[in-house]
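Chemist: If it helps, the file is called model-v5.csv and holds CSV, C-alpha atoms:
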```
chain,number,residue,atom,x,y,z
A,26,MET,CA,-8.1,6.0,-16.3
A,27,SER,CA,-6.1,8.7,-14.5
A,28,THR,CA,-4.0,7.9,-11.5
A,29,LEU,CA,-2.9,9.9,-8.5
A,30,HIS,CA,0.5,8.5,-7.3
A,31,THR,CA,1.8,9.3,-3.8
A,32,VAL,CA,5.4,9.3,-2.9
A,33,ASN,CA,6.5,9.6,0.7
A,34,LYS,CA,10.2,8.9,0.5
A,35,SER,CA,13.1,11.3,0.1
A,36,PRO,CA,14.7,10.6,-3.4
A,37,PHE,CA,18.0,10.3,-1.6
A,38,ASP,CA,16.8,7.5,0.7
A,39,ARG,CA,14.9,5.2,-1.7
A,40,SER,CA,14.0,4.8,-5.4
A,41,SER,CA,10.3,5.3,-4.8
A,42,LEU,CA,10.1,8.7,-6.7
A,43,GLU,CA,12.3,7.5,-9.6
A,44,THR,CA,10.2,4.3,-9.9
A,45,CYS,CA,7.0,6.2,-9.6
A,46,LEU,CA,8.0,8.6,-12.4
A,47,ARG,CA,9.2,5.6,-14.6
A,48,LEU,CA,5.8,3.9,-14.2
A,49,ALA,CA,3.4,6.8,-14.1
A,50,GLY,CA,1.3,7.2,-17.2
A,51,LYS,CA,1.3,10.5,-19.2
A,52,GLY,CA,-1.2,12.9,-17.7
A,53,ASN,CA,-1.1,11.3,-14.3
A,54,ALA,CA,-0.6,13.3,-11.1
A,55,VAL,CA,2.1,12.7,-8.4
A,56,LEU,CA,1.7,14.0,-4.8
A,57,LEU,CA,4.8,14.3,-2.7
A,58,LEU,CA,4.1,13.9,1.1
A,59,GLU,CA,6.0,13.1,4.3
A,60,ASP,CA,9.7,12.7,3.4
A,61,GLY,CA,8.7,12.8,-0.2
A,62,VAL,CA,8.5,16.6,0.0
A,63,TYR,CA,12.3,16.8,-0.3
A,64,GLY,CA,11.9,15.6,-3.9
A,65,ALA,CA,10.2,18.9,-4.7
A,66,MET,CA,13.2,21.1,-3.8
A,67,ARG,CA,15.1,23.0,-6.4
A,68,GLY,CA,18.9,22.6,-7.1
A,69,SER,CA,19.3,19.0,-5.7
A,70,ASN,CA,20.8,16.0,-7.5
A,71,ALA,CA,17.2,14.8,-7.9
A,72,SER,CA,15.6,17.9,-9.2
A,73,GLY,CA,16.6,17.3,-12.8
A,74,MET,CA,14.6,14.1,-12.9
A,75,VAL,CA,11.6,15.9,-11.4
A,76,GLU,CA,11.8,18.8,-13.7
A,77,THR,CA,11.9,16.5,-16.7
A,78,ALA,CA,8.9,14.6,-15.4
A,79,LEU,CA,6.9,17.8,-15.2
A,80,SER,CA,6.4,17.7,-19.0
A,81,ASP,CA,4.4,14.4,-18.6
A,82,VAL,CA,2.8,14.5,-15.2
A,83,SER,CA,1.5,17.1,-12.8
A,84,ILE,CA,3.4,17.2,-9.5
A,85,TYR,CA,1.9,18.4,-6.2
A,86,VAL,CA,3.5,18.7,-2.7
A,87,LEU,CA,1.8,18.6,0.6
A,88,GLY,CA,2.2,22.0,2.3
A,89,SER,CA,1.9,20.7,5.9
A,90,ASP,CA,4.8,18.3,5.4
A,91,MET,CA,6.9,21.0,3.8
A,92,LYS,CA,6.2,23.4,6.7
A,93,ALA,CA,7.0,20.8,9.3
A,94,ARG,CA,10.4,20.2,7.7
A,95,GLY,CA,11.3,23.8,7.1
A,96,VAL,CA,11.0,23.5,3.4
A,97,ASP,CA,10.1,27.0,2.2
A,98,VAL,CA,7.8,27.4,-0.8
A,99,ASP,CA,10.5,29.6,-2.4
A,100,LYS,CA,12.7,26.5,-2.6
A,101,ILE,CA,10.2,24.5,-4.7
A,102,ILE,CA,10.8,23.6,-8.3
A,103,ASP,CA,8.7,25.8,-10.7
A,104,GLY,CA,5.6,24.0,-11.8
A,105,ILE,CA,5.1,22.0,-8.7
A,106,LYS,CA,1.9,23.0,-6.9
A,107,VAL,CA,1.5,23.2,-3.1
A,108,VAL,CA,-1.7,21.6,-1.7
A,109,ASP,CA,-3.2,21.2,1.7
A,110,TYR,CA,-5.0,18.1,3.0
A,111,LYS,CA,-8.2,19.3,1.4
A,112,GLY,CA,-6.3,19.6,-1.9
A,113,PHE,CA,-5.0,16.1,-1.3
A,114,VAL,CA,-8.6,14.8,-0.8
A,115,ASP,CA,-9.7,16.7,-4.0
A,116,LEU,CA,-6.8,15.1,-6.0
A,117,THR,CA,-8.0,11.6,-5.0
A,118,VAL,CA,-11.5,12.5,-6.1
A,119,GLU,CA,-10.4,14.0,-9.4
A,120,HIS,CA,-8.4,10.9,-10.4
A,121,ASP,CA,-9.8,7.4,-10.8
A,122,LYS,CA,-7.5,5.7,-8.3
A,123,VAL,CA,-4.5,6.2,-6.0
A,124,ASN,CA,-1.3,4.3,-6.3
A,125,ALA,CA,0.9,4.7,-3.2
A,126,TRP,CA,4.6,4.0,-3.9
A,127,LEU,CA,5.5,2.8,-0.4
B,9,MET,CA,-17.4,9.8,-2.4
B,10,LYS,CA,-16.8,6.6,-0.5
B,11,PHE,CA,-13.2,6.0,0.7
B,12,ALA,CA,-11.3,3.1,2.1
B,13,ILE,CA,-8.1,3.8,4.0
B,14,GLN,CA,-5.3,1.4,4.7
B,15,VAL,CA,-2.7,2.2,7.4
B,16,ASN,CA,0.5,0.0,7.4
B,17,GLU,CA,2.6,1.6,10.1
B,18,GLY,CA,2.6,2.0,13.9
B,19,PRO,CA,1.5,5.4,15.3
B,20,TYR,CA,4.8,6.6,16.8
B,21,ASN,CA,7.4,5.1,14.5
B,22,HIS,CA,6.2,6.6,11.2
B,23,GLU,CA,4.2,9.6,10.0
B,24,ALA,CA,1.8,7.3,8.1
B,25,SER,CA,-0.8,7.2,10.9
B,26,VAL,CA,-0.8,11.0,11.3
B,27,SER,CA,-1.1,11.4,7.5
B,28,ALA,CA,-4.0,9.0,7.5
B,29,LEU,CA,-5.7,10.9,10.4
B,30,ASN,CA,-5.3,14.2,8.6
B,31,PHE,CA,-6.5,12.8,5.3
B,32,VAL,CA,-9.6,11.2,7.0
B,33,ARG,CA,-10.4,14.4,8.8
B,34,ALA,CA,-10.1,16.5,5.6
B,35,ALA,CA,-12.2,13.9,3.7
B,36,VAL,CA,-15.0,14.0,6.3
B,37,ASP,CA,-14.9,17.8,6.4
B,38,ALA,CA,-15.4,17.8,2.6
B,39,GLY,CA,-18.5,15.7,3.0
B,40,HIS,CA,-17.0,12.3,1.9
B,41,GLU,CA,-17.8,9.0,3.5
B,42,ILE,CA,-15.1,6.8,5.1
B,43,PHE,CA,-16.3,3.3,4.5
B,44,ARG,CA,-13.5,1.7,6.6
B,45,VAL,CA,-10.0,2.3,7.9
B,46,PHE,CA,-8.1,-0.9,7.9
B,47,PHE,CA,-5.0,-1.3,10.0
B,48,TYR,CA,-2.4,-3.7,8.7
B,49,HIS,CA,1.3,-4.6,9.4
B,50,ASP,CA,2.5,-2.6,12.4
B,51,GLY,CA,-0.5,-0.3,11.7
B,52,VAL,CA,-2.4,-2.5,14.2
B,53,ASN,CA,-0.5,-0.7,17.0
B,54,ASN,CA,-2.9,2.2,16.3
B,55,GLY,CA,-5.5,0.2,18.1
B,56,THR,CA,-4.1,-0.4,21.6
B,57,ARG,CA,-5.7,1.6,24.4
B,58,TYR,CA,-2.5,1.1,26.5
B,59,THR,CA,-0.8,3.8,24.5
B,60,THR,CA,0.3,6.5,26.9
B,61,PRO,CA,2.3,9.2,25.2
B,62,PRO,CA,3.6,12.2,27.2
B,63,GLN,CA,1.2,15.0,27.9
B,64,ASP,CA,2.6,17.3,25.2
B,65,ASP,CA,2.5,14.7,22.5
B,66,ILE,CA,-0.6,13.8,20.3
B,67,ASN,CA,-2.5,10.7,21.4
B,68,ILE,CA,-3.0,9.1,18.1
B,69,VAL,CA,-5.0,6.2,19.4
B,70,ASN,CA,-7.5,8.5,21.1
B,71,ALA,CA,-7.7,10.6,18.0
B,72,TRP,CA,-8.9,7.5,16.1
B,73,SER,CA,-11.3,6.6,18.8
B,74,GLU,CA,-12.8,10.1,18.8
B,75,LEU,CA,-13.3,9.9,15.0
B,76,ALA,CA,-14.9,6.5,15.3
B,77,GLU,CA,-17.4,7.8,17.9
B,78,LYS,CA,-18.1,11.1,16.2
B,79,HIS,CA,-18.6,9.7,12.7
B,80,SER,CA,-19.4,6.0,13.5
B,81,MET,CA,-16.3,5.2,11.5
B,82,ASP,CA,-15.4,1.6,11.1
B,83,LEU,CA,-11.9,1.0,12.4
B,84,VAL,CA,-10.7,-2.5,11.6
B,85,VAL,CA,-7.5,-4.1,12.9
B,86,CYS,CA,-6.3,-7.1,10.9
B,87,VAL,CA,-6.5,-10.2,13.1
B,88,ALA,CA,-3.5,-12.0,11.6
B,89,ALA,CA,-1.3,-8.9,12.0
B,90,ALA,CA,-2.8,-8.2,15.5
B,91,GLN,CA,-2.1,-11.7,16.8
B,92,ARG,CA,1.5,-11.4,15.8
B,93,ARG,CA,1.9,-8.1,17.6
B,94,GLY,CA,-0.2,-8.7,20.7
B,95,ILE,CA,-3.3,-6.6,20.0
B,96,VAL,CA,-6.2,-8.4,21.6
B,97,ASP,CA,-9.9,-7.9,22.0
B,98,GLU,CA,-12.3,-9.8,24.3
B,99,GLY,CA,-13.0,-12.5,21.8
B,100,GLU,CA,-9.3,-13.0,20.9
B,101,GLN,CA,-8.5,-13.0,24.6
B,102,GLU,CA,-10.9,-15.9,25.2
B,103,ARG,CA,-10.0,-17.8,22.1
B,104,ASN,CA,-6.3,-17.6,22.8
B,105,GLY,CA,-6.4,-17.9,26.6
B,106,LYS,CA,-4.8,-14.5,27.2
B,107,ASP,CA,-5.0,-12.8,30.6
B,108,GLY,CA,-6.3,-9.5,29.2
B,109,ASN,CA,-7.1,-7.5,26.2
B,110,ASN,CA,-5.9,-4.1,25.0
B,111,ILE,CA,-8.1,-3.0,22.0
B,112,ALA,CA,-9.0,0.7,22.1
B,113,ALA,CA,-12.5,2.1,21.9
B,114,GLY,CA,-14.0,2.2,18.5
B,115,PHE,CA,-11.7,-0.4,17.0
B,116,ARG,CA,-12.6,-4.0,16.1
B,117,ILE,CA,-10.5,-7.0,15.1
B,118,SER,CA,-11.4,-8.8,12.0
B,119,GLY,CA,-10.0,-10.7,9.0
B,120,LEU,CA,-8.1,-9.5,5.9
B,121,GLY,CA,-11.3,-10.0,3.9
B,122,GLN,CA,-12.4,-6.7,5.4
B,123,LEU,CA,-9.6,-5.0,3.5
B,124,ILE,CA,-10.6,-6.7,0.2
B,125,GLU,CA,-14.2,-5.9,0.8
B,126,ALA,CA,-13.3,-2.3,1.5
B,127,GLY,CA,-11.5,-2.2,-1.9
B,128,ILE,CA,-14.5,-3.6,-3.6
B,129,GLN,CA,-17.1,-1.4,-1.9
B,130,SER,CA,-15.3,1.9,-1.9
B,131,GLU,CA,-14.7,4.2,-4.8
B,132,ARG,CA,-11.1,5.1,-3.7
B,133,LEU,CA,-8.5,3.2,-1.7
B,134,VAL,CA,-5.8,5.4,-0.2
B,135,VAL,CA,-2.8,3.6,1.4
B,136,PHE,CA,-0.6,5.1,4.0
B,137,GLY,CA,2.6,3.3,5.0
B,138,ASP,CA,6.4,3.1,4.8
C,7,MET,CA,-20.1,-0.4,-11.1
C,8,SER,CA,-19.4,-3.9,-12.2
C,9,ASP,CA,-19.2,-6.7,-9.7
C,10,ILE,CA,-15.6,-7.6,-10.6
C,11,LYS,CA,-12.9,-5.0,-10.1
C,12,LYS,CA,-9.4,-5.0,-11.4
C,13,PHE,CA,-7.1,-5.4,-8.3
C,14,MET,CA,-3.4,-4.8,-8.4
C,15,TYR,CA,-1.0,-5.7,-5.6
C,16,VAL,CA,2.3,-3.8,-5.9
C,17,ASN,CA,5.3,-5.4,-4.2
C,18,ARG,CA,8.5,-3.4,-3.9
C,19,THR,CA,10.2,-4.9,-0.9
C,20,ALA,CA,12.6,-7.9,-0.6
C,21,PRO,CA,11.5,-10.8,1.6
C,22,TYR,CA,12.7,-11.5,5.2
C,23,GLY,CA,14.4,-8.1,5.9
C,24,THR,CA,10.9,-6.8,6.7
C,25,ILE,CA,7.5,-8.5,6.9
C,26,TYR,CA,5.9,-6.6,4.1
C,27,ALA,CA,6.4,-9.3,1.4
C,28,TRP,CA,4.9,-12.0,3.5
C,29,GLU,CA,2.0,-10.1,4.8
C,30,SER,CA,1.3,-8.8,1.3
C,31,LEU,CA,1.2,-12.4,0.0
C,32,GLU,CA,-1.3,-13.2,2.8
C,33,VAL,CA,-3.6,-10.4,1.4
C,34,VAL,CA,-3.3,-11.8,-2.1
C,35,LEU,CA,-4.2,-15.3,-0.9
C,36,ILE,CA,-7.2,-14.1,1.1
C,37,GLY,CA,-8.2,-11.7,-1.7
C,38,ALA,CA,-8.3,-14.6,-4.2
C,39,ALA,CA,-11.5,-15.9,-2.5
C,40,PHE,CA,-13.3,-12.7,-3.5
C,41,GLU,CA,-12.9,-13.6,-7.2
C,42,GLN,CA,-11.8,-10.2,-8.4
C,43,ASP,CA,-9.6,-9.7,-11.5
C,44,VAL,CA,-6.2,-9.9,-9.8
C,45,SER,CA,-2.8,-8.9,-10.9
C,46,VAL,CA,0.4,-8.7,-8.9
C,47,ALA,CA,3.4,-6.5,-9.8
C,48,PHE,CA,7.0,-7.0,-8.6
C,49,VAL,CA,9.1,-3.9,-8.9
C,50,ASP,CA,12.4,-2.7,-7.5
C,51,ASP,CA,13.4,-5.0,-4.6
C,52,GLY,CA,10.1,-6.8,-4.9
C,53,VAL,CA,11.6,-8.9,-7.6
C,54,TYR,CA,13.8,-10.6,-5.0
C,55,GLN,CA,10.6,-12.2,-3.6
C,56,LEU,CA,10.5,-14.5,-6.5
C,57,LEU,CA,14.2,-15.7,-6.4
C,58,LYS,CA,14.7,-19.4,-6.6
C,59,GLY,CA,16.4,-21.3,-3.8
C,60,GLN,CA,15.2,-19.4,-0.8
C,61,ASP,CA,16.2,-21.4,2.4
C,62,THR,CA,15.5,-19.9,5.8
C,63,SER,CA,16.4,-23.0,7.8
C,64,GLU,CA,19.5,-21.5,9.3
C,65,LEU,CA,17.5,-18.4,10.4
C,66,GLY,CA,14.8,-20.5,12.0
C,67,ILE,CA,12.0,-18.4,10.4
C,68,LYS,CA,9.3,-19.5,8.0
C,69,ASN,CA,10.3,-19.8,4.3
C,70,PHE,CA,7.2,-18.5,2.6
C,71,SER,CA,8.5,-18.7,-1.0
C,72,PRO,CA,6.8,-22.0,-1.7
C,73,THR,CA,3.5,-20.2,-1.2
C,74,TYR,CA,4.0,-18.3,-4.5
C,75,ALA,CA,3.7,-21.6,-6.3
C,76,ALA,CA,0.2,-22.0,-4.9
C,77,LEU,CA,-1.1,-18.7,-6.4
C,78,GLY,CA,-1.9,-20.4,-9.7
C,79,ASP,CA,-4.3,-22.7,-7.9
C,80,TYR,CA,-6.1,-19.6,-6.6
C,81,ASP,CA,-6.5,-18.1,-10.1
C,82,VAL,CA,-3.8,-15.6,-9.4
C,83,ASN,CA,-1.8,-16.0,-12.5
C,84,LYS,CA,-0.9,-12.5,-13.8
C,85,LEU,CA,2.4,-11.8,-12.1
C,86,TYR,CA,4.2,-8.9,-13.7
C,87,VAL,CA,7.9,-8.5,-13.1
C,88,GLU,CA,9.3,-5.2,-14.3
C,89,LYS,CA,12.2,-5.9,-16.7
C,90,GLU,CA,14.1,-2.8,-15.7
C,91,SER,CA,14.1,-3.8,-12.0
C,92,LEU,CA,15.2,-7.3,-12.9
C,93,GLU,CA,18.0,-6.2,-15.1
C,94,ALA,CA,19.2,-3.5,-12.6
C,95,ARG,CA,19.7,-6.3,-10.2
C,96,GLY,CA,21.7,-8.5,-12.6
C,97,LEU,CA,18.9,-11.0,-12.8
C,98,THR,CA,17.0,-12.8,-15.6
C,99,ILE,CA,13.8,-14.8,-15.5
C,100,ASP,CA,15.9,-17.9,-15.1
C,101,ASP,CA,16.8,-16.7,-11.6
C,102,LEU,CA,13.1,-16.7,-10.6
C,103,MET,CA,10.9,-19.5,-9.5
C,104,ALA,CA,9.1,-21.1,-12.4
C,105,LEU,CA,5.5,-20.3,-11.4
C,106,LYS,CA,2.8,-22.1,-13.5
C,107,TYR,CA,-1.0,-22.3,-13.7
C,108,GLU,CA,-3.4,-24.5,-15.6
C,109,ASP,CA,-5.5,-22.5,-18.0
C,110,GLU,CA,-9.1,-23.7,-17.8
C,111,ASP,CA,-10.0,-21.9,-21.0
C,112,ASP,CA,-7.2,-23.8,-22.9
C,113,ASP,CA,-7.8,-27.4,-22.0
C,114,TRP,CA,-5.9,-26.9,-18.7
C,115,ALA,CA,-2.7,-26.3,-20.5
C,116,GLU,CA,0.2,-25.4,-18.1
C,117,LYS,CA,1.3,-21.9,-18.6
C,118,ASP,CA,3.7,-19.4,-17.0
C,119,SER,CA,2.3,-17.1,-14.4
C,120,ILE,CA,5.3,-14.7,-14.5
C,121,HIS,CA,5.5,-12.1,-17.2
C,122,VAL,CA,8.6,-10.0,-17.5
C,123,VAL,CA,7.4,-6.6,-18.9
C,124,PRO,CA,9.2,-3.4,-19.7
C,125,ALA,CA,8.3,-0.3,-17.7
C,126,ALA,CA,6.2,1.2,-20.5
C,127,GLU,CA,4.0,-1.9,-20.6
C,128,LEU,CA,3.7,-2.2,-16.9
C,129,ALA,CA,2.7,1.5,-16.8
C,130,ASP,CA,-0.2,0.6,-19.2
C,131,ILE,CA,-1.2,-2.4,-17.0
C,132,LEU,CA,-1.2,-0.1,-14.0
C,133,GLU,CA,-3.4,2.4,-15.8
C,134,GLN,CA,-6.0,-0.2,-16.4
C,135,GLN,CA,-6.4,-1.1,-12.7
C,136,GLU,CA,-9.2,0.0,-10.5
C,137,VAL,CA,-7.8,-0.6,-7.0
C,138,VAL,CA,-4.1,-0.6,-6.2
C,139,PHE,CA,-2.9,-2.2,-2.9
C,140,SER,CA,0.6,-1.3,-1.6
C,141,PHE,CA,2.5,-2.8,1.3
```
Let me see the file written as structure tokens.

Modeler:
Amino acid sequence: MSTLHTVNKSPFDRSSLETCLRLAGKGNAVLLLEDGVYGAMRGSNASGMVETALSDVSIYVLGSDMKARGVDVDKIIDGIKVVDYKGFVDLTVEHDKVNAWL
Amino acid sequence: MKFAIQVNEGPYNHEASVSALNFVRAAVDAGHEIFRVFFYHDGVNNGTRYTTPPQDDINIVNAWSELAEKHSMDLVVCVAAAQRRGIVDEGEQERNGKDGNNIAAGFRISGLGQLIEAGIQSERLVVFGD
Amino acid sequence: MSDIKKFMYVNRTAPYGTIYAWESLEVVLIGAAFEQDVSVAFVDDGVYQLLKGQDTSELGIKNFSPTYAALGDYDVNKLYVEKESLEARGLTIDDLMALKYEDEDDDWAEKDSIHVVPAAELADILEQQEVVFSF
């Protein structure tokens, strides 16, 4: 069973991303959306945790939410892939279930 | 593929409703079926037709109603959560002796069992919330 | 597709500060009637939902904590508390309500519903689920 996890909180606001990464199985995928997109940015106090996680899980970030917040693709951690809503839908299809870390 | 969607937050306090709308539109465009959208917690506020945002703001309630009409989408507002928050249809108006109702076009009020059923019947459940 | 699905309810919010814990419990109770294979996880502040001794009388709002004790009667008896979340909050299982169920496959022996599991084990349990509800 492969899971797509969604995280919609800034890592500086709540522990959603940290908890998600702690409980995500190897080979799972994580999509950062809404305020979760801040967790995809390079050079923050949270990016070390995210970079380490990239060896176990695939991480995606929702482009529309980045754009809305002025988060440029150049500021994203290497290895994180930007997807649009169609890509979000595709990710839910490619995985067996979705676990939203609200 | 058959999707169930759960929306936990009100339309203007939180991005969840907009995310859900965009997801549902993208899923429909990709040829998927939306079995049901279930509105829970403050998400029930997506279903009141009295919502009147400024002209330059998106009308999220109308956006749902349009989706419902265009794709015969099943939009279900949880009755328990709705009663707490004053979302009323004709049936609830009569049952609870209220002087009006406010349910928006395309929405219906029903029990939590509709969420569980959606989880059973659909191939994917996607939850949007806080 | 089998008739019975593996349902997981994930709770990550404390009670009373917001309504999520209570309305989540309402879903679990209603869902029990559908006879799915139900598990409930308590992670992060969700572990506070199970604290002993909740008393809302001075607030004048409903104390829903006794409802957790009824879950066993609804065959909801797989309650997983993440060990790391519990420890991070300075709590042990003794701080939680002693929730029990009667095991019909074991001569109705009374058993604990709450299982404290480390993150790695909870991750495996999550992997096995088919539908995850979040509130």

Chemist: I need the contact residues of chain C against chain B, so if you could list those with any atom within 10 Å, counting all atoms listed in the file, and return them as a ChimeraX atom specification, that would help.

Modeler: /C:7-13,25-26,29-30,32-40,42,136-141

Chemist: Need the shell around Ser35 (chain A): protein/DNA/RNA residues with any atom at most 9 Å away, counting all atoms listed in the file. Skip same-chain ones fewer than 4 positions apart. Format as an MDAnalysis selection string?

Modeler: chainID A and resid 39:42 59:64

Chemist: Give me, as a VMD selection string, the contact residues of chain A against chain B at a cut-off of 8 Å, counting all atoms listed in the file.

Modeler: chain A and resid 33 59 110 to 111 113 to 114 117 to 118 121 to 125 127

Chemist: CA of Glu100 (chain B) and CA of Gly18 (chain B) are how many Å apart?

Modeler: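 Separation between CA of Glu100 (chain B) and CA of Gly18 (chain B): 20.4 Å.
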
Chemist: For CA of Ala94 (chain C) and CA of Leu48 (chain A), determine how far apart the two atoms are, in Å to one decimal place.

Modeler: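 Going from CA of Ala94 (chain C) over to CA of Leu48 (chain A), I get 15.4 Å.
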
Chemist: If we count all atoms listed in the file, which residues of chain C reach to within 9 Å of chain A? Please list them as a VMD selection string.

Modeler: chain C and resid 16 18 49 to 50 125 to 130 132 to 141

Chemist: Quick one: everything within 7 Å of Gly114 (chain B), counting only C-alpha atoms, minus sequence neighbours fewer than 4 positions away in the same chain. Send it as a list of chain:residue names.

Modeler: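 Near Gly114 (chain B), the qualifying residues are B:Ser73, B:Ala76, B:Glu77, B:Leu83.
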
Chemist: Between CA of Leu57 (chain A) and CA of Phe37 (chain A), what distance in Å does the model show, to one decimal?

Modeler: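 Computing the Euclidean distance for CA of Leu57 (chain A) and CA of Phe37 (chain A) yields 13.8 Å.
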
Chemist: Under the rule that only C-alpha atoms are counted, which of B:Ala90, B:Ile95, B:Ile68, B:Met81 is the nearest residue to Val45 (chain B)?

Modeler: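 Answer, going by the shortest atom-to-atom distance: B:Met81.
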
Chemist: I'd like the contact shell of region 83-86 of chain C - 7 Å cut-off, all atoms listed in the file, skipping same-chain residues fewer than 4 positions apart - returned as an MDAnalysis selection string.

Modeler: chainID C and resid 45:48 77:78 107 119:123

Chemist: Measuring atom to atom with only C-alpha atoms, identify which of A:Ile102, A:Met91, A:Val82, A:Ala54 is nearest to Ser69 (chain A).

Modeler: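 The shortest atom-to-atom distance to Ser69 (chain A) comes from A:Ile102.
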
Chemist: Distance cut-off 12 Å, centre (13.1, -10.7, -3.8) in file coordinates, counting all atoms listed in the file: which residues qualify? Return them as a PyMOL selection string.

Modeler: chain C and resi 17-24+26-28+48-60+70-71+74+87+91-92+95+97+101-103

Chemist: Just want the 9 Å neighbourhood of Gly104 (chain A), counted on only C-alpha atoms, with same-chain residues fewer than 6 positions away dropped. Output as a short mmCIF file (atom, residue, chain, number, x, y, z; two decimals) with C-alpha atoms, in the frame of the given file.

Modeler:
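Resulting contents of part_29.cif:
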```
data_model
loop_
_atom_site.label_atom_id
_atom_site.label_comp_id
_atom_site.auth_asym_id
_atom_site.auth_seq_id
_atom_site.Cartn_x
_atom_site.Cartn_y
_atom_site.Cartn_z
CA GLU A 76 11.80 18.80 -13.70
CA LEU A 79 6.90 17.80 -15.20
CA SER A 83 1.50 17.10 -12.80
CA ILE A 84 3.40 17.20 -9.50
CA TYR A 85 1.90 18.40 -6.20
#
```
